[in-house]
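Text of model15.cif, listed as mmCIF, C-alpha atoms and all ligand atoms:
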data_work
loop_
_atom_site.label_atom_id
_atom_site.label_comp_id
_atom_site.auth_asym_id
_atom_site.auth_seq_id
_atom_site.Cartn_x
_atom_site.Cartn_y
_atom_site.Cartn_z
CA MET A 1 119.90 -109.17 -189.83
CA LYS A 2 121.17 -106.24 -191.85
CA ILE A 3 117.86 -104.47 -191.42
CA PHE A 4 117.97 -105.13 -187.66
CA LEU A 5 121.46 -103.60 -187.39
CA LEU A 6 120.36 -100.65 -189.44
CA VAL A 7 117.39 -100.11 -187.10
CA ILE A 8 119.67 -100.30 -184.03
CA LEU A 9 122.08 -97.82 -185.62
CA PHE A 10 119.26 -95.44 -186.50
CA VAL A 11 117.56 -95.64 -183.11
CA GLY A 12 120.93 -95.43 -181.31
CA ILE A 13 121.87 -92.27 -183.15
CA HIS A 14 118.56 -90.53 -182.67
CA LEU A 15 117.69 -91.44 -179.05
CA PRO A 16 118.62 -88.72 -176.49
CA VAL A 17 121.68 -89.62 -174.36
CA LEU A 18 120.46 -91.28 -171.20
CA ALA A 19 121.46 -88.95 -168.34
CA VAL A 20 122.92 -91.18 -165.66
CA PHE A 21 124.22 -89.08 -162.79
CA PRO A 22 127.94 -89.85 -162.70
CA GLY A 23 129.84 -91.15 -159.70
CA VAL A 24 132.43 -88.42 -160.07
CA ILE A 25 130.45 -85.38 -158.97
CA PRO A 26 130.35 -82.74 -161.72
CA SER A 27 131.66 -79.53 -160.22
CA GLU A 28 129.36 -77.50 -162.51
CA LYS A 29 125.61 -78.00 -162.33
CA PRO A 30 124.74 -80.50 -165.12
CA ASP A 31 122.22 -79.35 -167.71
CA PHE A 32 120.41 -82.69 -168.00
CA PRO A 33 117.14 -83.17 -166.09
CA MET A 34 117.71 -83.91 -162.39
CA SER A 35 115.56 -84.45 -159.32
CA ILE A 36 114.81 -81.37 -157.26
CA ALA A 37 117.08 -82.78 -154.54
CA MET A 38 120.02 -82.79 -156.97
CA GLU A 39 119.07 -79.31 -158.23
CA ARG A 40 119.24 -78.19 -154.60
CA LEU A 41 122.67 -79.74 -154.15
CA TYR A 42 123.94 -77.21 -156.67
CA ASP A 43 121.59 -74.28 -156.01
CA GLU A 44 121.62 -74.26 -152.20
CA TRP A 45 124.59 -76.34 -151.10
CA ASN A 46 127.69 -77.26 -153.07
CA PRO A 47 128.43 -80.36 -155.13
CA HIS A 48 130.97 -81.69 -152.65
CA GLU A 49 128.62 -81.46 -149.68
CA ASP A 50 129.91 -80.77 -146.18
CA ARG A 51 133.53 -81.58 -146.99
CA ALA A 52 133.76 -78.62 -149.35
CA ASN A 53 131.78 -76.25 -147.16
CA GLU A 54 134.08 -73.87 -145.28
CA LEU A 55 131.23 -73.12 -142.90
CA TYR A 56 130.64 -76.77 -142.01
CA SER A 57 132.40 -78.46 -139.13
CA ASN A 58 131.92 -81.15 -136.58
CA PHE A 59 133.02 -80.38 -133.03
CA LYS A 60 135.28 -82.35 -130.69
CA TYR A 61 135.47 -81.62 -126.99
CA SER A 62 138.23 -81.73 -124.36
CA PRO A 63 138.26 -81.09 -120.62
CA LEU A 64 140.22 -78.08 -119.37
CA LYS A 65 142.88 -77.99 -116.70
CA GLY A 66 143.18 -75.33 -114.03
CA PHE A 67 139.52 -74.81 -113.13
CA ASP A 68 139.28 -76.47 -109.71
CA ASP A 69 136.11 -78.36 -108.94
CA ILE A 70 134.84 -76.39 -105.95
CA PRO A 71 131.51 -77.39 -104.32
CA PHE A 72 128.60 -75.22 -105.51
CA THR A 73 130.86 -73.33 -107.90
CA SER A 74 129.71 -73.16 -111.48
CA ARG A 75 131.49 -71.72 -114.52
CA ARG A 76 129.61 -71.09 -117.75
CA ASP A 77 128.93 -68.85 -120.75
CA PRO A 78 132.51 -67.92 -121.73
CA THR A 79 133.28 -64.86 -123.85
CA LYS A 80 135.23 -65.13 -127.08
CA VAL A 81 138.84 -65.97 -126.29
CA ILE A 82 141.31 -63.18 -127.08
CA LYS A 83 145.10 -63.32 -127.38
CA HIS A 84 147.02 -60.42 -125.91
CA ASP A 85 150.80 -60.21 -125.39
CA GLY A 86 151.10 -63.95 -126.07
CA LEU A 87 148.43 -65.04 -123.57
CA PHE A 88 144.89 -66.24 -124.18
CA HIS A 89 142.23 -64.57 -122.03
CA VAL A 90 138.65 -65.57 -121.35
CA TRP A 91 135.90 -64.24 -119.09
CA TYR A 92 132.86 -66.17 -117.91
CA THR A 93 130.00 -66.39 -115.42
CA ARG A 94 131.09 -67.87 -112.11
CA ARG A 95 128.70 -68.68 -109.32
CA SER A 96 130.15 -69.62 -105.94
CA THR A 97 127.31 -70.19 -103.51
CA THR A 98 126.62 -72.32 -100.44
CA CYS A 99 124.12 -74.62 -102.14
CA ASP A 100 122.93 -75.71 -105.58
CA PRO A 101 120.29 -73.59 -107.32
CA VAL A 102 116.91 -74.02 -105.61
CA GLY A 103 114.57 -72.58 -108.26
CA LEU A 104 112.77 -69.26 -108.43
CA LYS A 105 110.27 -69.89 -105.63
CA LEU A 106 112.79 -70.92 -102.98
CA ALA A 107 115.56 -68.47 -103.85
CA THR A 108 116.76 -66.15 -101.07
CA ASP A 109 119.49 -63.54 -100.72
CA ASP A 110 122.09 -66.30 -100.66
CA LYS A 111 120.29 -69.27 -102.21
CA PRO A 112 120.57 -69.10 -105.99
CA ALA A 113 117.48 -69.55 -108.14
CA THR A 114 119.36 -70.67 -111.24
CA ASP A 115 122.87 -71.64 -112.28
CA TRP A 116 123.58 -68.04 -113.38
CA ASP A 117 122.13 -66.42 -110.25
CA LEU A 118 124.31 -64.65 -107.62
CA ALA A 119 127.17 -64.69 -110.12
CA ASP A 120 130.08 -62.43 -110.98
CA ILE A 121 132.36 -62.30 -114.00
CA TRP A 122 135.67 -64.11 -113.69
CA HIS A 123 138.80 -64.19 -115.82
CA ALA A 124 141.41 -66.82 -116.66
CA VAL A 125 144.54 -66.95 -118.82
CA SER A 126 146.32 -69.68 -120.71
CA SER A 127 149.35 -70.08 -122.94
CA ASN A 128 147.94 -73.05 -124.89
CA GLY A 129 144.13 -72.93 -124.59
CA VAL A 130 143.98 -76.16 -122.54
CA ASP A 131 145.79 -75.34 -119.27
CA TRP A 132 144.24 -72.30 -117.63
CA ILE A 133 145.00 -70.17 -114.59
CA GLU A 134 141.97 -68.61 -112.96
CA ASP A 135 142.22 -65.30 -111.09
CA LYS A 136 141.73 -65.43 -107.34
CA LEU A 137 139.01 -62.77 -107.37
CA PRO A 138 136.23 -61.81 -109.80
CA ALA A 139 137.24 -59.54 -112.67
CA VAL A 140 133.91 -57.66 -112.50
CA LYS A 141 131.85 -57.74 -109.32
CA ARG A 142 128.11 -57.20 -108.97
CA PRO A 143 127.30 -53.50 -108.51
CA PRO A 144 125.55 -52.43 -105.27
CA LYS A 145 121.77 -52.73 -104.74
CA PRO A 146 119.45 -51.64 -106.26
CA GLU A 147 121.44 -51.20 -109.48
CA TYR A 148 120.84 -53.49 -112.43
CA GLY A 149 123.22 -56.38 -111.92
CA SER A 150 123.14 -56.26 -108.11
CA ARG A 151 121.48 -59.71 -108.06
CA SER A 152 123.67 -61.25 -110.75
CA ILE A 153 125.96 -60.28 -113.59
CA CYS A 154 126.50 -63.03 -116.09
CA THR A 155 126.96 -64.26 -119.66
CA PRO A 156 129.63 -61.74 -120.68
CA GLY A 157 130.81 -60.82 -124.17
CA ILE A 158 134.22 -59.21 -124.75
CA LEU A 159 134.89 -56.31 -127.11
CA VAL A 160 138.30 -54.89 -128.00
CA TRP A 161 137.91 -51.38 -129.36
CA LYS A 162 140.67 -48.83 -129.90
CA ASN A 163 143.07 -50.79 -127.65
CA LYS A 164 140.64 -50.87 -124.72
CA PHE A 165 138.61 -53.76 -123.36
CA TYR A 166 134.86 -53.86 -122.75
CA LEU A 167 132.79 -56.57 -121.11
CA TYR A 168 129.05 -56.54 -121.85
CA PHE A 169 126.86 -58.70 -119.63
CA GLN A 170 123.36 -59.51 -118.43
CA ALA A 171 122.53 -57.33 -115.42
CA TYR A 172 119.79 -58.80 -113.22
CA ALA A 173 118.06 -57.04 -110.30
CA PRO A 174 116.21 -57.70 -108.11
CA MET A 175 115.95 -61.32 -109.36
CA VAL A 176 116.98 -63.57 -112.25
CA GLY A 177 114.92 -66.01 -114.24
CA GLY A 178 111.46 -66.27 -115.82
CA THR A 179 109.96 -62.83 -116.10
CA ALA A 180 112.86 -60.88 -114.54
CA TYR A 181 113.90 -57.77 -116.47
CA CYS A 182 117.37 -58.05 -117.99
CA PRO A 183 119.20 -55.17 -119.69
CA VAL A 184 122.85 -55.26 -120.76
CA ARG A 185 125.53 -53.33 -118.89
CA VAL A 186 129.18 -52.79 -119.71
CA ALA A 187 132.44 -52.48 -117.77
CA SER A 188 135.69 -51.25 -119.30
CA ALA A 189 139.41 -51.61 -118.65
CA ASP A 190 142.73 -50.53 -120.17
CA SER A 191 144.19 -54.01 -119.75
CA PRO A 192 142.63 -57.49 -119.89
CA PHE A 193 143.82 -57.86 -116.28
CA GLY A 194 141.60 -54.92 -115.27
CA PRO A 195 140.76 -53.06 -113.17
CA TRP A 196 137.25 -53.04 -114.64
CA VAL A 197 135.01 -50.03 -114.16
CA HIS A 198 131.23 -50.29 -114.43
CA TYR A 199 129.60 -47.83 -116.81
CA PRO A 200 126.76 -46.42 -114.69
CA GLU A 201 123.86 -46.97 -117.10
CA PRO A 202 122.66 -50.06 -118.97
CA VAL A 203 123.61 -49.73 -122.64
CA ILE A 204 121.08 -52.04 -124.31
CA LEU A 205 117.56 -52.14 -122.93
CA PRO A 206 114.75 -54.59 -123.64
CA GLY A 207 112.28 -53.45 -126.33
CA PRO A 208 108.89 -51.74 -125.96
CA GLU A 209 105.73 -53.39 -124.63
CA GLY A 210 104.50 -56.16 -126.87
CA SER A 211 107.80 -56.56 -128.73
CA TRP A 212 109.82 -59.76 -129.25
CA ASN A 213 112.47 -58.68 -126.71
CA ASN A 214 110.39 -56.69 -124.23
CA ILE A 215 111.88 -58.29 -121.09
CA LYS A 216 115.34 -59.66 -121.77
CA ILE A 217 118.48 -58.91 -123.72
CA ASN A 218 120.65 -61.97 -123.16
CA ASP A 219 124.01 -63.27 -124.38
CA PRO A 220 125.52 -60.00 -125.70
CA CYS A 221 128.00 -60.95 -128.43
CA PRO A 222 130.06 -57.99 -129.70
CA LEU A 223 132.17 -57.75 -132.82
CA VAL A 224 133.51 -54.92 -134.94
CA TYR A 225 132.06 -54.69 -138.42
CA LYS A 226 131.86 -51.90 -140.98
CA ASN A 227 133.56 -49.45 -138.58
CA LYS A 228 130.89 -50.02 -135.94
CA ILE A 229 130.36 -52.07 -132.81
CA TYR A 230 127.77 -54.74 -133.55
CA ILE A 231 126.26 -56.45 -130.49
CA TYR A 232 124.14 -59.50 -131.24
CA TYR A 233 121.88 -60.87 -128.52
CA LYS A 234 119.03 -63.18 -127.72
CA GLY A 235 115.77 -61.46 -126.88
CA ALA A 236 112.68 -62.69 -125.06
CA PRO A 237 109.24 -61.21 -124.36
CA ILE A 238 107.73 -61.29 -120.88
CA GLU A 239 104.65 -63.06 -122.21
CA ARG A 240 104.66 -66.84 -122.24
CA GLY A 241 102.56 -69.23 -124.30
CA ASN A 242 102.44 -70.95 -127.67
CA GLU A 243 101.52 -67.77 -129.47
CA TYR A 244 104.66 -65.97 -128.24
CA ILE A 245 108.24 -66.06 -129.43
CA ILE A 246 110.48 -68.05 -127.14
CA ARG A 247 113.85 -66.91 -128.39
CA MET A 248 115.19 -65.15 -131.42
CA GLN A 249 118.32 -63.12 -131.99
CA GLY A 250 118.81 -59.50 -132.93
CA VAL A 251 121.56 -56.94 -133.31
CA SER A 252 122.21 -53.36 -132.21
CA MET A 253 124.98 -51.10 -133.48
CA ALA A 254 126.95 -48.18 -132.04
CA SER A 255 129.94 -46.02 -132.81
CA ASP A 256 130.97 -45.83 -129.17
CA PRO A 257 131.22 -48.74 -126.68
CA PHE A 258 128.94 -46.88 -124.25
CA GLY A 259 126.33 -46.23 -126.91
CA PRO A 260 123.92 -45.08 -127.98
CA PHE A 261 123.08 -48.44 -129.56
CA TYR A 262 120.54 -48.46 -132.39
CA GLU A 263 118.84 -51.71 -133.18
CA SER A 264 118.57 -53.12 -136.67
CA ASN A 265 115.26 -52.16 -138.19
CA ILE A 266 114.77 -55.75 -139.31
CA ASN A 267 115.30 -57.34 -135.87
CA PRO A 268 115.13 -60.18 -135.04
CA VAL A 269 117.74 -61.18 -137.63
CA ILE A 270 117.93 -64.88 -136.65
CA ASN A 271 114.76 -66.88 -136.04
CA SER A 272 116.29 -69.63 -133.89
CA GLY A 273 119.14 -70.36 -131.50
CA HIS A 274 119.92 -69.88 -127.84
CA GLU A 275 123.34 -68.63 -126.79
CA THR A 276 124.84 -66.29 -129.41
CA CYS A 277 128.01 -66.95 -131.41
CA MET A 278 128.62 -64.47 -134.23
CA PHE A 279 131.93 -63.93 -136.00
CA PRO A 280 133.19 -61.97 -139.01
CA TRP A 281 133.26 -64.20 -142.07
CA LYS A 282 134.67 -62.95 -145.39
CA ASP A 283 132.90 -59.62 -145.88
CA GLY A 284 129.87 -60.57 -143.77
CA VAL A 285 129.00 -62.17 -140.44
CA ALA A 286 128.46 -65.87 -139.65
CA ALA A 287 126.70 -67.42 -136.66
CA ILE A 288 126.44 -70.77 -134.92
CA VAL A 289 122.72 -71.22 -134.23
CA ALA A 290 121.97 -74.00 -131.74
CA LEU A 291 119.39 -75.57 -129.45
CA ASP A 292 116.09 -73.74 -130.16
CA GLY A 293 113.87 -72.96 -133.11
CA PRO A 294 113.30 -74.36 -136.59
CA GLU A 295 116.83 -73.47 -137.73
CA LYS A 296 118.60 -74.90 -134.67
CA ASN A 297 121.95 -76.58 -135.19
CA THR A 298 122.92 -74.67 -138.28
CA ILE A 299 125.66 -72.28 -139.27
CA GLN A 300 124.33 -69.20 -140.98
CA TYR A 301 125.84 -66.35 -142.95
CA ALA A 302 124.70 -62.79 -143.57
CA PRO A 303 126.61 -60.87 -146.27
CA ASP A 304 125.59 -57.64 -144.51
CA GLY A 305 125.49 -58.81 -140.88
CA GLU A 306 121.68 -58.85 -140.89
CA ARG A 307 120.28 -61.10 -143.64
CA PHE A 308 121.18 -64.55 -142.37
CA LYS A 309 120.76 -67.77 -144.37
CA ILE A 310 121.58 -71.37 -143.49
CA ILE A 311 124.92 -72.52 -144.87
CA SER A 312 125.34 -75.84 -143.07
CA LYS A 313 123.63 -78.17 -140.63
CA ILE A 314 125.69 -79.29 -137.65
CA GLN A 315 125.53 -81.93 -134.93
CA VAL A 316 126.34 -81.62 -131.21
CA PRO A 317 127.34 -77.95 -131.48
CA PRO A 318 129.08 -76.37 -128.49
CA VAL A 319 126.77 -74.85 -125.89
CA ALA A 320 127.47 -71.12 -125.38
CA PRO A 321 130.54 -71.11 -127.68
CA GLY A 322 133.23 -68.50 -127.15
CA PRO A 323 135.62 -69.02 -130.09
CA TYR A 324 139.19 -67.81 -130.32
CA CYS A 325 138.46 -65.69 -133.33
CA GLU A 326 141.54 -63.66 -134.13
CA ASP A 327 139.81 -61.10 -136.36
CA ALA A 328 136.62 -60.54 -134.35
CA PHE A 329 137.58 -56.91 -133.66
CA LEU A 330 139.91 -56.10 -136.56
CA ASN A 331 137.23 -54.46 -138.72
CA ASN A 332 139.02 -55.68 -141.85
CA ILE A 333 135.99 -57.10 -143.75
CA ASN A 334 137.94 -60.31 -144.24
CA GLY A 335 136.76 -62.68 -141.50
CA THR A 336 138.66 -65.97 -141.47
CA GLY A 337 136.76 -67.87 -138.75
CA PHE A 338 138.32 -70.07 -136.08
CA LEU A 339 139.58 -73.50 -135.05
CA TRP A 340 138.76 -73.66 -131.33
CA GLY A 341 137.13 -72.00 -128.40
CA LEU A 342 135.59 -72.59 -124.99
CA CYS A 343 132.01 -73.56 -124.23
CA HIS A 344 130.15 -74.96 -121.24
CA ILE A 345 128.83 -78.38 -120.43
CA ASN A 346 126.31 -79.25 -117.80
CA PRO A 347 127.66 -82.49 -116.31
CA ASP A 348 124.13 -83.65 -115.45
CA GLY A 349 122.76 -82.73 -118.85
CA GLY A 350 120.28 -80.20 -117.42
CA GLY A 351 120.41 -76.47 -117.77
CA ALA A 352 119.16 -74.11 -115.11
CA VAL A 353 119.51 -75.73 -111.71
CA ASN A 354 122.79 -77.64 -111.83
CA LYS A 355 126.32 -76.49 -112.07
CA SER A 356 128.23 -76.16 -115.33
CA ILE A 357 131.86 -76.57 -116.29
CA LEU A 358 133.92 -74.91 -118.99
CA ALA A 359 135.29 -77.12 -121.75
CA ARG A 360 137.23 -76.71 -124.97
CA PHE A 361 135.91 -77.41 -128.45
CA ASP A 362 137.96 -77.83 -131.61
CA CYS A 363 136.56 -77.55 -135.11
CA ASP A 364 137.38 -76.28 -138.58
CA LEU A 365 135.41 -73.13 -139.27
CA SER A 366 138.52 -71.48 -140.64
CA SER A 367 139.13 -70.32 -144.17
CA LYS A 368 142.89 -70.19 -143.49
CA TYR A 369 143.48 -73.79 -142.39
CA ASP A 370 142.17 -77.13 -143.54
CA HIS A 371 141.64 -79.70 -140.79
CA LYS A 372 139.94 -82.54 -142.67
CA PRO A 373 138.76 -84.70 -139.73
CA PHE A 374 136.43 -81.86 -138.74
CA LYS A 375 134.75 -81.89 -142.15
CA ARG A 376 133.45 -85.43 -141.65
CA ASN A 377 129.76 -85.97 -141.08
CA ASN A 378 128.02 -89.28 -140.30
CA LEU A 379 128.78 -88.94 -136.60
CA ARG A 380 127.57 -91.96 -134.67
CA PHE A 381 127.12 -92.32 -130.94
CA ASN A 382 127.22 -95.14 -128.45
CA LYS A 383 124.47 -96.67 -126.32
CA ASN A 384 125.07 -94.31 -123.40
CA THR A 385 124.29 -91.35 -125.64
CA TYR A 386 120.88 -92.71 -126.58
CA LEU A 387 120.00 -93.97 -123.12
CA GLN A 388 121.12 -90.99 -121.05
CA SER A 389 118.52 -88.94 -119.19
CA GLY A 390 117.05 -86.34 -121.49
CA VAL A 391 117.31 -88.72 -124.47
CA LYS A 392 116.00 -91.98 -122.95
CA LEU A 393 112.20 -92.22 -122.90
CA SER A 394 110.97 -91.86 -119.33
CA GLU A 395 109.35 -94.87 -117.62
CA GLY A 396 106.11 -92.88 -117.31
CA TRP A 397 105.92 -92.42 -121.08
CA VAL A 398 106.81 -96.07 -121.72
CA THR A 399 103.83 -97.13 -119.57
CA ARG A 400 101.52 -94.59 -121.17
CA ILE A 401 102.53 -95.64 -124.69
CA LYS A 402 102.06 -99.33 -123.86
CA ASN A 403 98.57 -98.63 -122.53
CA GLU A 404 97.57 -96.56 -125.54
CA ARG A 405 98.77 -99.03 -128.20
CA LYS A 406 95.36 -100.56 -128.89
CA ASN A 407 93.78 -97.23 -129.71
CA VAL A 408 96.71 -95.65 -131.50
CA ASP A 409 98.39 -98.34 -133.65
CA ASN A 410 96.07 -99.35 -136.52
CA GLU A 411 96.12 -102.70 -138.35
CA THR A 412 98.63 -102.81 -141.21
CA ILE A 413 96.03 -104.40 -143.51
CA ARG A 414 92.66 -102.68 -143.35
C1 LIG B 1 122.73 -69.07 -120.87
C2 LIG B 1 122.38 -67.88 -121.71
C3 LIG B 1 121.85 -66.80 -120.81
C4 LIG B 1 120.62 -67.29 -120.13
C5 LIG B 1 121.21 -68.29 -119.20
C6 LIG B 1 122.34 -67.52 -118.64
O1 LIG B 1 123.34 -70.12 -121.44
O2 LIG B 1 121.53 -68.18 -122.74
O3 LIG B 1 122.74 -66.66 -119.71
O4 LIG B 1 120.00 -66.25 -119.43
O5 LIG B 1 121.65 -69.41 -119.99
#
Rewrite the structure from the file as structure tokens, please.
Ligand code: AAL
Amino acid sequence: MKIFLLVILFVGIHLPVLAVFPGVIPSEKPDFPMSIAMERLYDEWNPHEDRANELYSNFKYSPLKGFDDIPFTSRRDPTKVIKHDGLFHVWYTRRSTTCDPVGLKLATDDKPATDWDLADIWHAVSSNGVDWIEDKLPAVKRPPKPEYGSRSICTPGILVWKNKFYLYFQAYAPMVGGTAYCPVRVASADSPFGPWVHYPEPVILPGPEGSWNNIKINDPCPLVYKNKIYIYYKGAPIERGNEYIIRMQGVSMASDPFGPFYESNINPVINSGHETCMFPWKDGVAAIVALDGPEKNTIQYAPDGERFKIISKIQVPPVAPGPYCEDAFLNNINGTGFLWGLCHINPDGGGAVNKSILARFDCDLSSKYDHKPFKRNNLRFNKNTYLQSGVKLSEGWVTRIKNERKNVDNETIR
């Protein structure tokens, strides 16, 4: 017995301590051997997961008041919200036509091809971000034919620079959609109430033949960073097919709102995403990247505004977010993020040929405030979410899959 105890004592003293990962998460990376997943938790994420990640949030949505539901009137793609003399201001694409979009082939001078065709830029104000008052007339109207924008001006981005206001927008002519050429134009005003004056020339043009953005510069998203105007955008080439880029995002910089804009020499700077949403964050720039590409539904950060990396993965992000980001144009290299903004929702779930409505989202992407409910993950959805059109498997595919079962599903024991 004595010998047995002695052996236990000896072995006990000389065996290495068994490294059981503790329930209380060590805030420093442990130095005992761990799986590569746990290494990653420390190297790429942070030990307290999403709840300790300032650039993680979930998003909650609310309807807005004050935007009347008018037949064949669509509102979408809001700018960032700004606050000026106590009032919130937003601008957005508004289409008021006599019918729903009919697609590219059937479009005429007054029949819209897409939801953002035959549109102008409208403006609304609010004192609380929920109840809005829309102007009676467009803030910026389409310029005359054949100027760029005479078919449609849409998807604006607001810039505040040296106490003046600038709206950058997609300027389509003679047509929108597919392979239509789309540069960015700008209009300026001394007050957010206008009047807005078109600058005569486009300020950001699509890239050269064969390049990633040779046909479209979409979703201009301005901010002020390192004493310059940075405009992020989504680009697209005219070519279509699996070998071509669908959408990526780049940036161009200028020292004057009317240009010249010089594009980053490492464009595109984001390899995924659809509508743009960039905002100053600490001494860099962060972005909500949604919908398309391998890095869809992430929030990314670039310490220099150009070298973006994934910081969090998000669910049900706002479509076309326009945050109320108080320091977007302050140029103070101390971005603090935001808690809410406007976005758009397509009531029928589609995209191009239905109408859209503006909505509000709330979140916690702020380094100044801590709103814990927005740091929760594990979002779960009800039956209607899974069985809505666009998510539910179509009857055609159900039949096809049933018919193919014999050839596709192998025996479990072979
Ligand atoms: C939007 C944006 C651009 C596209 C279309 C209208 O949500 O990505 O503006 O061109 O859809």
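Take CA of Glu275 (chain A) and CA of Tyr232 (chain A): the distance between them is 10.2 Å.
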Could you tell me which of A:Phe67, A:Phe261, A:Trp161, A:Trp91 comes closest to Asp131 (chain A) if we count all atoms listed in the file?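 That would be A:Phe67, the residue with the smallest distance to Asp131 (chain A).
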Which is closest to ligand LIG 1 (chain B) among A:Glu134, A:Glu44, A:Asp117, A:Asp409, if we use all atoms listed in the file?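 Looking only at the distances to ligand LIG 1 (chain B), the closest residue turns out to be A:Asp117.
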Report, as JSON, the centre and edge lengths in Å (one decimal) of the axis-aligned box enclosing every listed atom of ligand LIG 1 (chain B), padded by 6 Å on each side.
{"center_x": 121.7, "center_y": -68.2, "center_z": -120.7, "size_x": 15.3, "size_y": 15.9, "size_z": 16.1}
Measuring between all atoms listed in the file, which one of A:Tyr148, A:Phe32, A:Tyr61, A:Tyr181 shows the shortest distance to ligand LIG 1 (chain B)? A:Tyr181
One residue among A:Val203, A:Val224, A:Cys277, A:Ala124 is nearest to ligand LIG 1 (chain B) when using only C-alpha atoms and all ligand atoms, and that residue is A:Cys277
Within 7 Å of ligand LIG 1 (chain B), counting only C-alpha atoms and all ligand atoms, which protein or nucleic acid residues do you find, written as a VMD selection string? chain A and resid 77 116 154 to 155 218 to 219 274 to 275 320
Need to verify the contact set: Lys375 (chain A), 7 Å, all atoms listed in the file, exclusion of same-chain residues closer than 6 positions in sequence. Can you return it as a PyMOL selection string? chain A and resi 50-51+56-58
Just the number, please: distance in Å from CA of Asp110 (chain A) to CA of Met175 (chain A), one decimal.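 Interatomic distance, CA of Asp110 (chain A) to CA of Met175 (chain A): 11.8 Å.
You can rank A:Gly284, A:Pro206, A:Pro294, A:Pro321 by their closest distance to Glu263 (chain A) using all atoms listed in the file, and at the top of that list sits A:Pro206.
Using all atoms listed in the file, the shortest contact distance between Gly341 (chain A) and any of A:Arg376, A:His198, A:Lys60, A:Arg75 is found at A:Lys60.
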Exercise: Asp362 (chain A) partners within 6 Å, all atoms listed in the file, chain neighbours under 6 positions left out, as a PyMOL selection string: chain A and resi 59-60+339-340
Give me the residues near region 307-318 of chain A as a JSON list (two decimals) with C-alpha atoms, in the frame of the given file, where near means some atom within 7 Å (using all atoms listed in the file) and where sequence neighbours in that chain fewer than 2 positions away do not count.
[["chain", "number", "residue", "atom", "x", "y", "z"],
["A", 55, "LEU", "CA", 131.23, -73.12, -142.90],
["A", 56, "TYR", "CA", 130.64, -76.77, -142.01],
["A", 57, "SER", "CA", 132.40, -78.46, -139.13],
["A", 58, "ASN", "CA", 131.92, -81.15, -136.58],
["A", 59, "PHE", "CA", 133.02, -80.38, -133.03],
["A", 269, "VAL", "CA", 117.74, -61.18, -137.63],
["A", 270, "ILE", "CA", 117.93, -64.88, -136.65],
["A", 290, "ALA", "CA", 121.97, -74.00, -131.74],
["A", 297, "ASN", "CA", 121.95, -76.58, -135.19],
["A", 298, "THR", "CA", 122.92, -74.67, -138.28],
["A", 299, "ILE", "CA", 125.66, -72.28, -139.27],
["A", 300, "GLN", "CA", 124.33, -69.20, -140.98],
["A", 301, "TYR", "CA", 125.84, -66.35, -142.95],
["A", 302, "ALA", "CA", 124.70, -62.79, -143.57],
["A", 303, "PRO", "CA", 126.61, -60.87, -146.27],
["A", 304, "ASP", "CA", 125.59, -57.64, -144.51],
["A", 305, "GLY", "CA", 125.49, -58.81, -140.88],
["A", 320, "ALA", "CA", 127.47, -71.12, -125.38],
["A", 321, "PRO", "CA", 130.54, -71.11, -127.68],
["A", 343, "CYS", "CA", 132.01, -73.56, -124.23],
["A", 361, "PHE", "CA", 135.91, -77.41, -128.45]]
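For the pair CA of Trp281 (chain A) and CA of Tyr230 (chain A), the interatomic distance is 13.9 Å.
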Near-Trp132 (chain A) list (10 Å; all atoms listed in the file; drop same-chain fewer than 2 positions) as a short mmCIF file (atom, residue, chain, number, x, y, z; two decimals) with C-alpha atoms, keeping the file's coordinate frame:
data_model
loop_
_atom_site.label_atom_id
_atom_site.label_comp_id
_atom_site.auth_asym_id
_atom_site.auth_seq_id
_atom_site.Cartn_x
_atom_site.Cartn_y
_atom_site.Cartn_z
CA LEU A 64 140.22 -78.08 -119.37
CA LYS A 65 142.88 -77.99 -116.70
CA GLY A 66 143.18 -75.33 -114.03
CA PHE A 67 139.52 -74.81 -113.13
CA PHE A 88 144.89 -66.24 -124.18
CA HIS A 89 142.23 -64.57 -122.03
CA VAL A 90 138.65 -65.57 -121.35
CA HIS A 123 138.80 -64.19 -115.82
CA ALA A 124 141.41 -66.82 -116.66
CA VAL A 125 144.54 -66.95 -118.82
CA SER A 126 146.32 -69.68 -120.71
CA SER A 127 149.35 -70.08 -122.94
CA ASN A 128 147.94 -73.05 -124.89
CA GLY A 129 144.13 -72.93 -124.59
CA VAL A 130 143.98 -76.16 -122.54
CA GLU A 134 141.97 -68.61 -112.96
CA ASP A 135 142.22 -65.30 -111.09
#
Polymer residues at most 10 Å from Ala187 (chain A), all atoms listed in the file, same-chain spacing of 4 or more positions, as a tab-separated table (two decimals) with C-alpha atoms, keeping the file's coordinate frame:
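What ended up in around_35.tsv:
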chain	number	residue	atom	x	y	z
A	139	ALA	CA	137.24	-59.54	-112.67
A	140	VAL	CA	133.91	-57.66	-112.50
A	141	LYS	CA	131.85	-57.74	-109.32
A	158	ILE	CA	134.22	-59.21	-124.75
A	165	PHE	CA	138.61	-53.76	-123.36
A	166	TYR	CA	134.86	-53.86	-122.75
A	167	LEU	CA	132.79	-56.57	-121.11
A	168	TYR	CA	129.05	-56.54	-121.85
A	169	PHE	CA	126.86	-58.70	-119.63
A	194	GLY	CA	141.60	-54.92	-115.27
A	195	PRO	CA	140.76	-53.06	-113.17
A	196	TRP	CA	137.25	-53.04	-114.64
A	197	VAL	CA	135.01	-50.03	-114.16
A	198	HIS	CA	131.23	-50.29	-114.43
A	199	TYR	CA	129.60	-47.83	-116.81
A	200	PRO	CA	126.76	-46.42	-114.69
A	257	PRO	CA	131.22	-48.74	-126.68
A	258	PHE	CA	128.94	-46.88	-124.25
